[in-house]
Structures are given as structure tokens and as C-alpha cells.
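Presented below is the structure to which this report refers.
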Amino acid sequence: MTTEILVCVLCRPPELPRDQPRPGRALFEAIENIALRDDLHISIRPVDCMSGCRRHCTVALQAPGKTTYMFGDLPADEESAEQLLVCAALHQASADGFMAREARPERLREGILARLPAPANPR
């Protein structure tokens with residue numbers, strides 16, 4: 001099951017004027033550029049809002065049948081992008097999507113907004 005990276009492209013700190021480029025968009029583009037450069041086959045999807053406005057930049061990792069993770073407070077830079085791709089690979093390699101805190105890259109050990117269990121199997 002392929003892990004998908006969801007990135008809020010509207011994320012911005014409250015003090016940033018609305019007409020300025022959004023850090024969330026910059027983070028999305030950094031992830032996409034590194035994935036293309038390194039020929040990584042991973043789904044990266046821009047999302048217009050993930051309701052993490054107070055904890056920008058907001059990113060989620062999800063896959064069918066796996067735990068979903070949502071992170072915030074990420075700097076919109078290449079290091080965050082690289083660590084998100086590493087974390088997505090860990091998520092994809094995990095049978096249930098669970099990633100221990102100490103196994104995640106440094107920036108993704110903090111700033112976790114949610115860890116949602118996979119949906120229960122319908123009866």
C-alpha cells in the first residue's frame with residue numbers, strides 16, 4: 001500500500017500577509033522537487049486546508065489500512081522536505097503504518113498533531 005504525503009498549501013503564519021507566498025506551498029514544492037530529483041515513486045498531494053492553521057506547515061502521511069499521522073510546526077525548507085520523504089518511506093515499509101517516535105527523523109519527532117488508527121474493518 002502506497003503512502004501518500006498530503007501537504008497543506010495554504011499554511012502560513014498569522015503574521016504573513018495573505019498576498020505573500022505561502023510557506024505550505026513552498027514545502028509542497030520542495031518535497032515534489034526532491035522526489036523528482038531522486039526518482040522516488042511516492043504520491044504527494046497538495047491540499048487547500050487541513051485545519052492546522054495555528055501549527056503551520058501541516059503535513060499528513062496516509063495509506064489504506066494504516067495509521068495516519070499529521071504533523072505541524074514544520075519549517076518550509078529542504079531539510080523538512082527530505083525528512084518527510086524519509087518518514088514516508090518508513091510509513092510505507094511498516095505493515096500497519098505505525099512509526100515509533102525514535103524511528104522518525106528529528107523534525108517529525110515533535111510537532112505531531114494526530115495519530116489516527118486505520119479504519120476498522122467493516123463486518
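As shown in the C-alpha cells, the chain order sets the letters A, B, ...; within each chain, residues go from 1, and ligands are also counted from 1 in the order they appear.
Here the residues within segment 26-63 of chain A that DSSP labels strand (DSSP E or B) on the basis of the backbone are Ser43, Ile44, Arg45, Pro46, Val47, Val59, Ala60, Leu61 and Gln62 of chain A.
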Q.
Could you list, as a ChimeraX atom specification, every residue within 12 Å of Asp77 of chain A, counting only C-alpha atoms and ignoring same-chain residues fewer than 2 positions away?
A. /A:23-31,33-34,57,73-75,79-84,107
Q: Output as a VMD selection string all residues of segment 2-123 of chain A that backbone DSSP marks as helix (DSSP H, G or I).
A: chain A and resid 23 to 37 53 to 55 78 to 93 101 to 103 106 to 108
Q | Shell around Cys8 of chain A at 7 Å using only C-alpha atoms, local window under 2 positions removed, as a VMD selection string | A | chain A and resid 6 10 to 11 24 46 to 50 57 to 59
Write a file of the selected residues as a short mmCIF file (atom, residue, chain, number, x, y, z; two decimals), in the first residue's frame, keeping N, CA and C atoms.
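Here's the written file selection11.cif:
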data_model
loop_
_atom_site.label_atom_id
_atom_site.label_comp_id
_atom_site.auth_asym_id
_atom_site.auth_seq_id
_atom_site.Cartn_x
_atom_site.Cartn_y
_atom_site.Cartn_z
N LEU A 6 0.30 14.32 2.18
CA LEU A 6 -0.64 15.41 1.97
C LEU A 6 -0.03 16.67 2.58
N LEU A 10 -1.98 26.08 1.78
CA LEU A 10 -2.44 27.38 2.23
C LEU A 10 -1.81 27.78 3.57
N CYS A 11 -1.08 26.88 4.20
CA CYS A 11 -0.48 27.16 5.50
C CYS A 11 0.41 28.39 5.45
N GLY A 24 3.46 26.82 3.14
CA GLY A 24 2.94 25.48 2.84
C GLY A 24 3.15 25.10 1.39
N PRO A 46 -1.17 18.21 -2.95
CA PRO A 46 -1.46 19.48 -2.29
C PRO A 46 -2.91 19.48 -1.80
N VAL A 47 -3.11 20.04 -0.63
CA VAL A 47 -4.45 20.13 -0.03
C VAL A 47 -4.68 21.59 0.32
N ASP A 48 -5.87 22.10 0.03
CA ASP A 48 -6.13 23.52 0.28
C ASP A 48 -6.27 23.87 1.76
N CYS A 49 -6.66 22.95 2.60
CA CYS A 49 -6.70 23.25 4.04
C CYS A 49 -6.81 21.94 4.81
N MET A 50 -6.03 21.84 5.89
CA MET A 50 -6.10 20.68 6.76
C MET A 50 -6.44 21.12 8.19
N CYS A 57 3.70 24.57 9.14
CA CYS A 57 3.15 23.93 7.95
C CYS A 57 2.61 22.55 8.35
N THR A 58 1.46 22.19 7.80
CA THR A 58 0.77 20.96 8.18
C THR A 58 0.90 19.92 7.07
N VAL A 59 1.28 18.71 7.49
CA VAL A 59 1.50 17.60 6.55
C VAL A 59 0.93 16.33 7.17
#
Q | Atomic distance atom CA of Ala35 of chain A - atom CA of Arg104 of chain A, expressed in Å with one decimal | A | 18.4 Å
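Shortest separation to Leu116 of chain A among A:Arg101, A:Arg12, A:Lys66, A:Arg18 occurs at residue A:Lys66, atoms counted being only C-alpha atoms.
Atom pair atom CA of Met99 of chain A / atom CA of Gly72 of chain A has a distance of 16.6 Å (rounded to one decimal).
For the residues A:Ala89, A:Ala100, A:Met70, A:Ala120, ranking by smallest atom-to-atom distance to Arg55 of chain A using only C-alpha atoms places A:Met70 first.
Nearest residue to Ala60 of chain A, choosing from A:Val86, A:Ala118, A:Ala76, A:Leu113 and counting only C-alpha atoms: A:Leu113.
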Q: Grab the atom CA of His41 of chain A to atom CA of Cys87 of chain A distance for me, in Å with one decimal place.
A: 14.0 Å
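Nearest-residue note for Pro21 of chain A: choosing from A:Leu90, A:Asn121, A:Asp38, A:Val9, the minimum distance belongs to A:Val9, counting only C-alpha atoms.
Of the residues under consideration (A:Leu61, A:Leu85, A:Leu36, A:Cys53), A:Leu85 shows the shortest atom-to-atom contact distance to Pro105 of chain A when counting only C-alpha atoms.
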Q.
Using only C-alpha atoms, which protein or nucleic acid residues come within 10 Å of Pro117 of chain A? Drop anything in the same chain fewer than 5 positions from it, and give the result as a list in words.
A. Gly65, Lys66, Thr67, Thr68, Tyr69, Asp96, Gly97 and Phe98 of chain A
Selection to disk with C-alpha atoms, as a short mmCIF file (atom, residue, chain, number, x, y, z; two decimals), in the first residue's frame:
data_model
loop_
_atom_site.label_atom_id
_atom_site.label_comp_id
_atom_site.auth_asym_id
_atom_site.auth_seq_id
_atom_site.Cartn_x
_atom_site.Cartn_y
_atom_site.Cartn_z
CA GLY A 65 -5.26 0.12 6.18
CA LYS A 66 -2.52 2.05 8.01
CA THR A 67 -2.16 4.53 10.83
CA THR A 68 -2.40 8.14 9.63
CA TYR A 69 -0.01 10.75 11.00
CA ASP A 96 0.36 -1.09 9.89
CA GLY A 97 1.85 2.37 9.37
CA PHE A 98 2.97 2.72 12.98
#
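Of the residues under consideration (A:Ser94, A:Ser43, A:Thr3, A:Ser51), A:Thr3 shows the shortest atom-to-atom contact distance to Pro64 of chain A when counting only C-alpha atoms.
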